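Structure file start_16.txt (compact mmCIF, C-alpha atoms and all ligand atoms) follows.
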# COMPACT_ATOMS: atom_id res chain seq x y z
CA MET Q 189 -46.33 -31.74 70.91
CA LYS Q 190 -49.48 -33.65 71.53
CA LYS Q 191 -50.50 -30.96 73.95
CA LEU Q 192 -49.73 -28.28 71.40
CA LEU Q 193 -51.69 -30.11 68.72
CA SER Q 194 -54.74 -30.46 70.89
CA LEU Q 195 -54.43 -26.80 71.81
CA CYS Q 196 -54.32 -25.92 68.09
CA LEU Q 197 -57.28 -28.14 67.38
CA CYS Q 198 -59.20 -26.53 70.18
CA THR Q 199 -58.40 -23.02 69.00
CA SER Q 200 -59.33 -23.75 65.40
CA LEU Q 201 -62.51 -25.49 66.50
CA SER Q 202 -63.58 -22.60 68.67
CA LEU Q 203 -62.57 -20.23 65.88
CA SER Q 204 -64.81 -22.04 63.42
CA PHE Q 205 -67.65 -21.98 65.94
CA ALA Q 206 -67.11 -18.27 66.40
CA LEU Q 207 -67.14 -17.78 62.61
CA GLN Q 208 -70.34 -19.78 62.29
CA ALA Q 209 -71.94 -17.70 65.01
CA ASP Q 210 -70.73 -14.53 63.30
CA GLU Q 211 -72.19 -15.64 59.96
CA LYS Q 212 -75.48 -16.43 61.66
CA LEU Q 213 -75.49 -12.97 63.22
CA MET Q 214 -74.63 -11.32 59.91
CA THR Q 215 -77.33 -13.10 57.94
CA ALA Q 216 -79.79 -12.26 60.71
CA SER Q 217 -78.83 -8.59 60.60
CA LYS Q 218 -79.28 -8.41 56.80
CA LYS Q 219 -82.82 -9.74 57.02
CA PRO Q 220 -85.58 -7.24 57.77
CA ILE Q 221 -87.32 -7.21 61.13
CA LYS Q 222 -90.07 -9.79 60.83
CA ASN Q 223 -91.97 -9.60 64.12
CA VAL Q 224 -92.56 -6.51 66.25
CA ILE Q 225 -93.70 -6.97 69.84
CA MET Q 226 -94.72 -3.70 71.51
CA ILE Q 227 -95.26 -3.86 75.26
CA VAL Q 228 -96.88 -1.14 77.35
CA GLY Q 229 -96.44 -1.23 81.11
CA ASP Q 230 -99.42 0.99 81.89
CA GLY Q 231 -98.45 3.47 84.60
CA MET Q 232 -94.97 1.95 84.88
CA GLY Q 233 -92.79 4.97 85.64
CA PRO Q 234 -89.12 4.57 86.58
CA ALA Q 235 -89.91 4.07 90.28
CA PHE Q 236 -91.79 0.86 89.40
CA THR Q 237 -88.85 -0.80 87.64
CA THR Q 238 -86.50 0.39 90.40
CA ALA Q 239 -88.86 -0.93 93.07
CA TYR Q 240 -89.05 -4.25 91.27
CA ARG Q 241 -85.23 -4.57 91.49
CA TYR Q 242 -85.32 -4.43 95.31
CA TYR Q 243 -88.53 -6.47 95.52
CA ASN Q 244 -86.78 -9.12 93.42
CA ASP Q 245 -83.51 -8.94 95.41
CA ASP Q 246 -82.41 -12.05 97.29
CA PRO Q 247 -81.51 -10.70 100.74
CA ASN Q 248 -79.31 -13.78 101.36
CA THR Q 249 -76.75 -12.68 98.76
CA PRO Q 250 -74.54 -9.59 99.09
CA GLU Q 251 -75.28 -8.28 95.59
CA ILE Q 252 -78.52 -6.79 94.28
CA GLU Q 253 -79.60 -9.14 91.51
CA GLU Q 254 -79.97 -7.60 88.05
CA THR Q 255 -83.53 -7.68 86.70
CA VAL Q 256 -84.68 -8.31 83.16
CA PHE Q 257 -85.55 -4.60 83.02
CA ASP Q 258 -81.96 -3.65 83.97
CA ARG Q 259 -80.64 -5.78 81.11
CA HIS Q 260 -82.59 -3.98 78.39
CA LEU Q 261 -82.88 -0.34 79.43
CA VAL Q 262 -82.14 1.88 76.41
CA GLY Q 263 -83.56 5.33 77.14
CA LEU Q 264 -86.20 7.69 78.47
CA ASN Q 265 -89.47 8.69 76.87
CA SER Q 266 -91.48 11.89 77.31
CA THR Q 267 -95.22 11.34 77.63
CA TYR Q 268 -96.99 14.72 77.42
CA PRO Q 269 -100.26 14.85 75.43
CA ALA Q 270 -101.48 17.51 72.95
CA PRO Q 271 -101.25 21.06 74.41
CA ILE Q 272 -105.02 21.19 75.06
CA SER Q 273 -104.49 18.56 77.81
CA GLY Q 274 -101.41 20.09 79.48
CA TYR Q 275 -98.37 18.08 80.51
CA VAL Q 276 -99.91 15.03 82.22
CA THR Q 277 -101.34 12.39 79.91
CA ASP Q 278 -104.02 9.77 80.44
CA SER Q 279 -103.72 6.25 79.02
CA ALA Q 280 -105.84 7.01 75.95
CA ALA Q 281 -103.77 9.99 74.73
CA GLY Q 282 -100.62 8.09 75.76
CA ALA Q 283 -101.56 5.00 73.76
CA THR Q 284 -102.70 7.15 70.82
CA ALA Q 285 -99.21 8.70 70.66
CA LEU Q 286 -97.51 5.31 71.02
CA ALA Q 287 -99.77 3.71 68.39
CA THR Q 288 -100.05 6.51 65.79
CA GLY Q 289 -97.15 8.92 66.31
CA ILE Q 290 -99.55 11.83 66.87
CA LYS Q 291 -100.35 13.55 70.18
CA SER Q 292 -104.00 14.04 71.03
CA TYR Q 293 -106.25 15.08 73.92
CA ASN Q 294 -106.77 13.02 77.08
CA GLY Q 295 -109.53 10.49 76.42
CA ALA Q 296 -108.84 10.19 72.66
CA ILE Q 297 -108.72 6.70 71.16
CA SER Q 298 -106.50 7.17 68.09
CA VAL Q 299 -108.26 10.28 66.85
CA ASP Q 300 -106.54 13.67 66.54
CA VAL Q 301 -107.54 16.87 68.35
CA ASP Q 302 -110.20 17.40 65.65
CA LYS Q 303 -111.51 13.86 66.36
CA LYS Q 304 -110.36 12.56 62.97
CA PRO Q 305 -109.18 8.91 62.90
CA LEU Q 306 -105.42 8.27 62.85
CA LYS Q 307 -103.75 5.21 61.32
CA THR Q 308 -102.17 2.94 63.94
CA VAL Q 309 -99.10 0.71 63.67
CA LEU Q 310 -101.31 -2.37 64.20
CA GLN Q 311 -103.65 -1.35 61.38
CA HIS Q 312 -100.64 -0.65 59.14
CA ALA Q 313 -99.10 -4.04 59.92
CA LYS Q 314 -102.39 -5.69 58.92
CA THR Q 315 -102.52 -3.89 55.55
CA LEU Q 316 -98.97 -5.15 54.91
CA GLY Q 317 -100.15 -8.74 55.30
CA LYS Q 318 -98.76 -9.35 58.76
CA LYS Q 319 -100.75 -11.08 61.48
CA THR Q 320 -101.73 -8.93 64.46
CA GLY Q 321 -102.39 -9.75 68.08
CA VAL Q 322 -103.32 -8.03 71.34
CA VAL Q 323 -102.72 -9.49 74.81
CA VAL Q 324 -103.73 -7.45 77.87
CA THR Q 325 -104.73 -7.90 81.51
CA SER Q 326 -107.46 -5.22 81.32
CA GLN Q 327 -110.65 -5.61 79.32
CA VAL Q 328 -109.66 -5.84 75.63
CA ASN Q 329 -111.63 -2.66 74.82
CA HIS Q 330 -109.77 -0.58 77.45
CA ALA Q 331 -107.87 2.58 76.43
CA THR Q 332 -104.52 1.08 75.45
CA PRO Q 333 -105.63 -1.93 73.36
CA ALA Q 334 -108.45 0.15 71.83
CA SER Q 335 -105.97 2.82 70.69
CA TYR Q 336 -104.06 0.21 68.67
CA ILE Q 337 -107.12 -1.52 67.19
CA THR Q 338 -109.72 1.20 66.56
CA HIS Q 339 -110.74 4.87 66.79
CA ASN Q 340 -113.19 6.62 69.07
CA GLU Q 341 -113.62 10.14 70.36
CA SER Q 342 -113.84 8.84 73.95
CA ARG Q 343 -112.30 5.94 75.85
CA ARG Q 344 -115.53 5.75 77.89
CA ASN Q 345 -117.58 4.46 74.92
CA TYR Q 346 -116.78 0.87 75.88
CA ASP Q 347 -119.65 -0.80 74.00
CA ALA Q 348 -119.08 1.24 70.83
CA ILE Q 349 -115.36 0.46 70.97
CA ALA Q 350 -116.06 -3.27 71.29
CA ASP Q 351 -118.63 -3.10 68.46
CA SER Q 352 -116.10 -1.37 66.21
CA TYR Q 353 -113.73 -4.35 66.48
CA ILE Q 354 -116.26 -6.13 64.23
CA ASP Q 355 -118.05 -3.27 62.47
CA ASN Q 356 -114.90 -1.58 61.12
CA GLY Q 357 -113.69 -4.91 59.72
CA ILE Q 358 -111.72 -7.28 61.93
CA ASN Q 359 -108.02 -6.34 61.91
CA ILE Q 360 -106.80 -8.70 64.64
CA ASP Q 361 -105.94 -12.40 64.50
CA LEU Q 362 -105.68 -12.81 68.24
CA LEU Q 363 -107.27 -10.96 71.14
CA LEU Q 364 -106.72 -12.07 74.75
CA GLY Q 365 -107.74 -10.34 78.00
CA GLY Q 366 -110.94 -9.56 79.89
CA GLY Q 367 -114.27 -8.03 78.85
CA THR Q 368 -117.20 -10.48 78.54
CA LYS Q 369 -119.39 -7.74 80.04
CA TYR Q 370 -118.91 -5.71 76.84
CA PHE Q 371 -118.84 -8.61 74.39
CA ILE Q 372 -121.84 -10.58 75.59
CA ARG Q 373 -124.62 -8.01 76.11
CA GLU Q 374 -128.38 -8.02 75.93
CA ASP Q 375 -128.39 -5.96 72.73
CA ARG Q 376 -125.50 -7.74 71.02
CA ASN Q 377 -123.34 -10.83 71.33
CA LEU Q 378 -119.97 -10.01 69.83
CA VAL Q 379 -118.52 -13.38 70.86
CA GLU Q 380 -121.06 -15.12 68.58
CA GLU Q 381 -120.27 -12.63 65.82
CA PHE Q 382 -116.53 -13.31 66.14
CA LYS Q 383 -117.26 -17.06 65.97
CA GLU Q 384 -119.32 -16.54 62.82
CA LYS Q 385 -116.29 -14.78 61.34
CA GLY Q 386 -114.20 -17.89 61.95
CA PHE Q 387 -112.74 -17.19 65.40
CA GLN Q 388 -112.31 -19.86 68.04
CA TYR Q 389 -113.38 -18.61 71.47
CA VAL Q 390 -112.04 -19.59 74.90
CA ASP Q 391 -112.98 -18.28 78.33
CA ASN Q 392 -110.59 -20.07 80.67
CA TYR Q 393 -106.82 -20.37 80.69
CA GLU Q 394 -106.84 -24.20 80.49
CA GLN Q 395 -108.50 -24.07 77.07
CA LEU Q 396 -105.51 -22.13 75.74
CA THR Q 397 -103.50 -25.34 75.65
CA SER Q 398 -105.83 -26.99 73.13
CA ILE Q 399 -106.50 -24.23 70.60
CA LYS Q 400 -106.22 -24.73 66.84
CA LYS Q 401 -103.20 -23.10 65.26
CA GLU Q 402 -104.99 -22.31 61.96
CA GLU Q 403 -107.93 -20.34 63.36
CA PRO Q 404 -107.91 -16.78 64.74
CA LEU Q 405 -108.45 -16.60 68.49
CA LEU Q 406 -110.61 -14.61 70.90
CA GLY Q 407 -110.09 -15.28 74.61
CA LEU Q 408 -112.00 -13.39 77.30
CA PHE Q 409 -111.25 -14.58 80.82
CA ALA Q 410 -113.17 -12.14 83.04
CA PRO Q 411 -116.19 -9.80 82.91
CA VAL Q 412 -114.01 -6.65 82.96
CA GLY Q 413 -110.26 -6.72 83.76
CA LEU Q 414 -108.59 -9.99 84.79
CA PRO Q 415 -108.32 -10.60 88.56
CA TRP Q 416 -105.25 -9.11 90.22
CA SER Q 417 -102.22 -11.28 89.54
CA LEU Q 418 -102.13 -12.11 93.27
CA ASP Q 419 -105.71 -13.47 93.15
CA ASP Q 420 -105.71 -15.07 89.70
CA SER Q 421 -105.71 -18.84 89.23
CA ASN Q 422 -102.58 -18.24 87.15
CA LYS Q 423 -100.37 -15.61 88.80
CA HIS Q 424 -98.35 -15.29 85.61
CA ARG Q 425 -101.25 -15.06 83.20
CA LEU Q 426 -99.65 -12.33 81.09
CA SER Q 427 -96.56 -14.42 80.40
CA GLU Q 428 -98.72 -17.52 79.77
CA MET Q 429 -100.96 -15.67 77.29
CA THR Q 430 -97.89 -14.15 75.61
CA LYS Q 431 -96.34 -17.57 75.09
CA ILE Q 432 -99.53 -18.87 73.45
CA ALA Q 433 -99.79 -15.70 71.34
CA THR Q 434 -96.26 -15.96 69.91
CA GLU Q 435 -96.95 -19.55 68.87
CA GLN Q 436 -100.35 -18.67 67.43
CA LEU Q 437 -99.17 -15.62 65.45
CA GLU Q 438 -96.07 -17.24 63.93
CA ASN Q 439 -96.26 -17.07 60.10
CA LYS Q 440 -93.98 -16.34 57.16
CA ASN Q 441 -94.94 -12.65 56.86
CA GLY Q 442 -94.37 -11.95 60.54
CA TYR Q 443 -96.65 -10.23 63.01
CA PHE Q 444 -97.24 -7.15 65.13
CA MET Q 445 -98.34 -7.80 68.70
CA LEU Q 446 -99.33 -5.40 71.48
CA ILE Q 447 -98.90 -6.68 75.03
CA GLU Q 448 -100.09 -4.59 77.96
CA ALA Q 449 -99.40 -5.08 81.67
CA SER Q 450 -102.53 -3.03 82.24
CA GLN Q 451 -102.90 -3.31 85.98
CA VAL Q 452 -99.59 -1.79 87.08
CA ASP Q 453 -101.57 1.43 86.52
CA TRP Q 454 -104.58 0.23 88.51
CA ALA Q 455 -102.36 -0.64 91.46
CA GLY Q 456 -100.75 2.80 91.14
CA HIS Q 457 -104.15 4.53 91.23
CA SER Q 458 -105.00 2.63 94.43
CA ASN Q 459 -101.53 3.26 95.93
CA ASP Q 460 -101.34 -0.53 96.31
CA ILE Q 461 -97.65 -1.46 96.32
CA ALA Q 462 -98.25 -5.19 96.86
CA SER Q 463 -100.30 -5.56 93.68
CA ALA Q 464 -98.06 -3.15 91.77
CA MET Q 465 -95.09 -5.45 92.40
CA ALA Q 466 -97.05 -8.64 91.66
CA GLU Q 467 -98.14 -7.16 88.31
CA MET Q 468 -94.51 -6.13 87.64
CA ASP Q 469 -93.45 -9.69 88.40
CA ASP Q 470 -95.86 -11.03 85.77
CA LEU Q 471 -94.42 -8.50 83.29
CA ALA Q 472 -90.85 -9.51 84.21
CA LYS Q 473 -91.73 -13.18 83.57
CA THR Q 474 -93.18 -12.13 80.21
CA LEU Q 475 -89.92 -10.40 79.27
CA ILE Q 476 -87.84 -13.37 80.40
CA TYR Q 477 -89.91 -15.61 78.13
CA LEU Q 478 -89.46 -13.13 75.26
CA GLU Q 479 -85.66 -13.08 75.79
CA GLN Q 480 -85.65 -16.81 75.03
CA TYR Q 481 -88.08 -16.31 72.16
CA VAL Q 482 -85.86 -13.65 70.56
CA GLU Q 483 -82.86 -15.95 70.89
CA GLN Q 484 -84.77 -18.54 68.82
CA ASN Q 485 -86.28 -15.88 66.52
CA PRO Q 486 -83.56 -13.23 66.08
CA ASP Q 487 -85.61 -11.34 63.48
CA THR Q 488 -87.97 -10.22 66.28
CA LEU Q 489 -87.92 -6.80 67.96
CA VAL Q 490 -89.28 -6.27 71.49
CA VAL Q 491 -89.92 -2.73 72.77
CA LEU Q 492 -91.31 -1.92 76.21
CA THR Q 493 -92.27 1.45 77.62
CA ALA Q 494 -94.94 3.06 79.78
CA ASP Q 495 -97.64 5.50 78.72
CA HIS Q 496 -97.04 7.52 81.92
CA SER Q 497 -96.30 6.96 85.61
CA THR Q 498 -99.11 6.45 88.10
CA GLY Q 499 -99.47 7.30 91.80
CA GLY Q 500 -96.22 9.26 92.13
CA LEU Q 501 -94.65 6.14 93.60
CA THR Q 502 -91.38 6.61 95.44
CA LEU Q 503 -89.18 4.41 97.59
CA GLY Q 504 -88.73 5.92 101.05
CA SER Q 505 -91.08 8.04 103.16
CA ASP Q 506 -91.43 9.95 106.43
CA GLY Q 507 -87.80 11.11 106.40
CA GLU Q 508 -86.53 7.53 106.82
CA TYR Q 509 -83.74 6.19 104.60
CA LYS Q 510 -85.56 2.89 104.10
CA TRP Q 511 -87.67 0.90 101.69
CA GLN Q 512 -88.82 -2.53 102.86
CA PRO Q 513 -90.53 -4.71 100.25
CA SER Q 514 -90.20 -7.72 102.57
CA VAL Q 515 -93.31 -6.31 104.31
CA PHE Q 516 -95.57 -7.40 101.42
CA LYS Q 517 -93.46 -9.79 99.36
CA GLY Q 518 -94.93 -12.93 100.95
CA MET Q 519 -98.59 -11.98 100.45
CA THR Q 520 -100.58 -14.67 98.66
CA GLN Q 521 -103.71 -12.61 98.06
CA SER Q 522 -104.28 -8.99 97.13
CA ILE Q 523 -104.97 -6.21 99.63
CA SER Q 524 -108.18 -5.73 97.69
CA ALA Q 525 -109.22 -9.35 98.42
CA ILE Q 526 -108.35 -8.90 102.10
CA ALA Q 527 -110.45 -5.71 102.21
CA GLN Q 528 -113.37 -7.60 100.70
CA PHE Q 529 -113.00 -10.35 103.30
CA ILE Q 530 -113.00 -7.98 106.28
CA ALA Q 531 -115.85 -5.94 104.79
CA GLU Q 532 -118.03 -9.06 104.69
CA LYS Q 533 -116.96 -10.92 107.82
CA GLU Q 534 -116.09 -10.39 111.45
CA PHE Q 535 -112.35 -10.82 111.70
CA THR Q 536 -109.75 -11.32 114.39
CA ALA Q 537 -106.38 -9.58 114.63
CA GLU Q 538 -104.72 -12.98 114.11
CA GLN Q 539 -106.65 -13.71 110.91
CA LEU Q 540 -105.74 -10.33 109.51
CA ALA Q 541 -102.07 -10.76 110.51
CA THR Q 542 -101.97 -14.09 108.64
CA MET Q 543 -103.47 -12.56 105.51
CA LEU Q 544 -101.26 -9.46 105.57
CA THR Q 545 -98.17 -11.42 106.73
CA PHE Q 546 -97.64 -8.83 109.49
CA ALA Q 547 -99.57 -7.75 112.59
CA LEU Q 548 -101.38 -4.43 112.71
CA THR Q 549 -101.08 -2.19 115.77
CA ASP Q 550 -104.07 -1.83 118.11
CA GLU Q 551 -104.53 1.69 116.84
CA GLN Q 552 -104.65 0.46 113.21
CA LEU Q 553 -107.10 -2.31 114.09
CA SER Q 554 -109.40 0.14 115.80
CA GLN Q 555 -109.31 2.37 112.72
CA LEU Q 556 -110.55 -0.56 110.61
CA HIS Q 557 -113.27 -1.40 113.15
CA SER Q 558 -114.45 2.18 113.30
CA ILE Q 559 -114.75 2.31 109.46
CA LYS Q 560 -116.95 -0.81 109.68
CA GLN Q 561 -119.03 0.26 112.70
CA ASP Q 562 -119.51 3.98 112.11
CA GLU Q 563 -120.45 3.81 108.50
CA SER Q 564 -121.81 0.38 107.73
CA GLU Q 565 -125.34 1.80 108.07
CA LYS Q 566 -124.80 4.70 105.69
CA ILE Q 567 -122.56 3.33 102.97
CA THR Q 568 -122.90 0.55 100.42
CA LYS Q 569 -120.79 -2.62 100.59
CA PRO Q 570 -118.57 -1.62 97.65
CA GLN Q 571 -117.96 1.79 99.27
CA LEU Q 572 -117.07 0.12 102.56
CA THR Q 573 -114.72 -2.28 100.77
CA ARG Q 574 -113.05 0.64 98.99
CA GLN Q 575 -112.52 2.51 102.27
CA LEU Q 576 -111.03 -0.56 103.95
CA TYR Q 577 -108.86 -1.18 100.87
CA LYS Q 578 -107.57 2.39 101.00
CA LYS Q 579 -106.83 2.14 104.72
CA LEU Q 580 -105.02 -1.23 104.40
CA ASN Q 581 -102.89 0.17 101.55
CA GLN Q 582 -101.91 3.08 103.81
CA PHE Q 583 -100.81 0.61 106.49
CA VAL Q 584 -98.75 -1.44 104.01
CA SER Q 585 -97.17 1.69 102.52
CA ALA Q 586 -96.30 3.08 105.96
CA LYS Q 587 -94.72 -0.15 107.15
CA SER Q 588 -92.69 -0.60 103.94
CA PHE Q 589 -91.78 3.15 103.68
CA THR Q 590 -93.47 3.39 100.28
CA GLY Q 591 -94.34 6.94 99.23
CA TRP Q 592 -97.15 8.14 96.93
CA THR Q 593 -98.02 11.66 95.81
CA THR Q 594 -101.35 11.14 94.05
CA GLY Q 595 -104.16 8.78 93.12
CA GLY Q 596 -103.72 9.88 89.51
CA HIS Q 597 -100.98 10.09 86.90
CA THR Q 598 -97.75 12.09 86.92
CA GLY Q 599 -95.92 13.80 84.06
CA ILE Q 600 -92.41 12.40 84.54
CA ASP Q 601 -90.48 10.69 81.74
CA VAL Q 602 -90.72 6.90 81.59
CA PRO Q 603 -88.06 4.28 80.80
CA VAL Q 604 -87.74 2.54 77.43
CA PHE Q 605 -86.49 -1.03 77.15
CA ALA Q 606 -85.70 -2.78 73.89
CA PHE Q 607 -84.00 -5.95 72.70
CA GLY Q 608 -83.84 -8.09 69.62
CA LYS Q 609 -83.41 -6.88 66.08
CA GLY Q 610 -83.28 -3.09 65.68
CA PHE Q 611 -83.40 -2.39 69.43
CA GLU Q 612 -80.79 0.39 69.03
CA LYS Q 613 -83.32 2.57 67.18
CA PHE Q 614 -84.99 3.31 70.52
CA GLN Q 615 -81.89 4.50 72.36
CA ASN Q 616 -81.51 7.79 74.27
CA LYS Q 617 -84.24 10.37 74.80
CA THR Q 618 -87.35 9.71 72.73
CA ASP Q 619 -90.87 11.08 72.74
CA ASN Q 620 -93.90 8.78 72.91
CA THR Q 621 -94.70 9.73 69.28
CA ASP Q 622 -91.21 8.57 68.19
CA ILE Q 623 -92.01 4.99 69.27
CA ALA Q 624 -94.80 4.76 66.67
CA LYS Q 625 -92.82 6.66 64.04
CA ILE Q 626 -89.91 4.21 64.35
CA ILE Q 627 -92.23 1.19 64.25
CA PHE Q 628 -93.92 2.53 61.08
CA THR Q 629 -90.50 2.68 59.37
CA ILE Q 630 -89.63 -0.85 60.53
CA LEU Q 631 -92.88 -2.40 59.31
ZN ZN I 701 -104.25 5.31 84.82
Rewrite the structure from the file as structure tokens, please.
Amino acid sequence: MKKLLSLCLCTSLSLSFALQADEKLMTASKKPIKNVIMIVGDGMGPAFTTAYRYYNDDPNTPEIEETVFDRHLVGLNSTYPAPISGYVTDSAAGATALATGIKSYNGAISVDVDKKPLKTVLQHAKTLGKKTGVVVTSQVNHATPASYITHNESRRNYDAIADSYIDNGINIDLLLGGGTKYFIREDRNLVEEFKEKGFQYVDNYEQLTSIKKEEPLLGLFAPVGLPWSLDDSNKHRLSEMTKIATEQLENKNGYFMLIEASQVDWAGHSNDIASAMAEMDDLAKTLIYLEQYVEQNPDTLVVLTADHSTGGLTLGSDGEYKWQPSVFKGMTQSISAIAQFIAEKEFTAEQLATMLTFALTDEQLSQLHSIKQDESEKITKPQLTRQLYKKLNQFVSAKSFTGWTTGGHTGIDVPVFAFGKGFEKFQNKTDNTDIAKIIFTIL
């Protein structure tokens, strides 16, 4: 009897807990979506999230561990630009579609094919009284962030784009990334102008821990893009900045935030699998933080997609049924940093093997030496570094059986991930313009 009673008590207790949880869920689902966090993995086609699964796998366990991307996959997104630019988009047209719901030409920063400005979801959120934030690992005036914040007929007008962040009226409460080269110039100091408009300014990650909650925030941590994740003083700088941003943007009206893992694309352009995976790891850590955040703030929606895929990455090459991320997983500095080192200094095979975490063949070593010897007279240091970087990436790709088809973008569909409130709106096959259209209706 006693046993039965305690069993009953247990059941009714767990039932009441379940009811409480249900009520909490129901009240949460009746409330509108308060915060929208849009994430762009620039260049992150499906091969990148697949690659990250095997890169992340613990080879000491029989199963392949599920990644945060696996948990939240909801659909596929087509990325083609306006007809004038064919089927393969660049990041500007891609971000314009994602931010405004309208397709434009490659190079367009939220202007249509007639170069007329288009309203963006970030601008709309601001007019509705929400706070807005942008967190990227590129310079903050690069194609993707620019397409959410401003308008310009060309992504290459970096100074004009940065100027417009002030001149068109500030519509952001938080802006974190790189770009001092464009913000502190001989002809204009935009950092000072932001400060005059009431912004606090930081230029190193440590200062982020002591910022004032009440004041808008500008943080620029590098002249152009941030260092590669592998070389940065904080290898998870995107997740760190995101954490600060969610705390800083919290307010009763909610916020819209754009986060971009900008350098997945840059690694793709360089066919650099080691940095591609390190950048993906920073993005994965960002998502894992946001999973916890959404649990605490269930009226938040998180959507992640790519603007396009870069490099034509594939897993397996040369007819072999193999992909071996263990080749580069232990690297503690980027291939780009290693290339810079060997461009500047005499190096031994042992030194290089330590940096790469594997030994090159004699043939490969002599290829590096001949790049240095034959051409050091004729080419500039940056050119030499680029050639060595390219060659080292080829060695890493060959050893890990990583395939690439291009140094540019490809036109394949990209995955969509979503969680939190309203995530189901992004299910199945969508077009890049649908992402913005859905966000407009949510805001
Ligand atoms: Zn690109």
Neighbours of Leu363 in chain Q within 8 Å (all atoms listed in the file; same-chain residues fewer than 5 positions away dropped), as a list in words?
Gly321, Val322, Val323, Val328, Leu405, Leu406 and Gly407 of chain Q
Between Q:Lys303, Q:Lys517, Q:His330, Q:His457, smallest distance to Leu414 in chain Q by all atoms listed in the file belongs to Q:His330
Given a cut-off of 7 Å, what residues near ligand ZN 701 (chain I) show up using all atoms listed in the file, put as a list in words?
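Checking all atoms listed in the file against ligand ZN 701 (chain I) at 7 Å gives Gly231, Asp278, Ser279, Asp453, Trp454, His457, Thr498, Gly596 and His597 of chain Q.
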Work out how far apart CA of Lys560 in chain Q and CA of Asp419 in chain Q are and give it in Å to one decimal.
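We find that CA of Lys560 in chain Q and CA of Asp419 in chain Q lie 23.7 Å from each other.
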Of the listed residues Q:Ile360, Q:Val228, Q:Leu396, Q:Val299, that which approaches Thr315 in chain Q most closely, counting all atoms listed in the file:
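Under the stated criterion, the closest residue is Q:Ile360.
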Just checking: using all atoms listed in the file, which residue out of Q:Val379, Q:Ile399, Q:Ala410, Q:Ala331 ends up closest to Ile354 in chain Q?
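Closest residue, counting all atoms listed in the file: Q:Val379.
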Give me the residues within 12 Å of Glu380 in chain Q as a PDB file with C-alpha atoms, in the coordinates of the input, counting all atoms listed in the file and dropping any in the same chain fewer than 5 places off.
ATOM      1  CA  ILE Q 354    -116.260  -6.130  64.230  1.00  0.00           C
ATOM      2  CA  THR Q 368    -117.200 -10.480  78.540  1.00  0.00           C
ATOM      3  CA  PHE Q 371    -118.840  -8.610  74.390  1.00  0.00           C
ATOM      4  CA  ILE Q 372    -121.840 -10.580  75.590  1.00  0.00           C
ATOM      5  CA  ARG Q 373    -124.620  -8.010  76.110  1.00  0.00           C
ATOM      6  CA  LYS Q 385    -116.290 -14.780  61.340  1.00  0.00           C
ATOM      7  CA  GLY Q 386    -114.200 -17.890  61.950  1.00  0.00           C
ATOM      8  CA  PHE Q 387    -112.740 -17.190  65.400  1.00  0.00           C
ATOM      9  CA  GLN Q 388    -112.310 -19.860  68.040  1.00  0.00           C
ATOM     10  CA  TYR Q 389    -113.380 -18.610  71.470  1.00  0.00           C
ATOM     11  CA  VAL Q 390    -112.040 -19.590  74.900  1.00  0.00           C
ATOM     12  CA  LEU Q 406    -110.610 -14.610  70.900  1.00  0.00           C
TER      13      LEU Q 406
END
With distances taken over all atoms listed in the file, the candidate from Q:Arg376, Q:Lys431, Q:Lys473, Q:His339 nearest Ser352 in chain Q is Q:His339
Work out how far apart CA of Ile567 in chain Q and CA of Leu418 in chain Q are and give it in Å to one decimal.
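We find that CA of Ile567 in chain Q and CA of Leu418 in chain Q lie 27.4 Å from each other.
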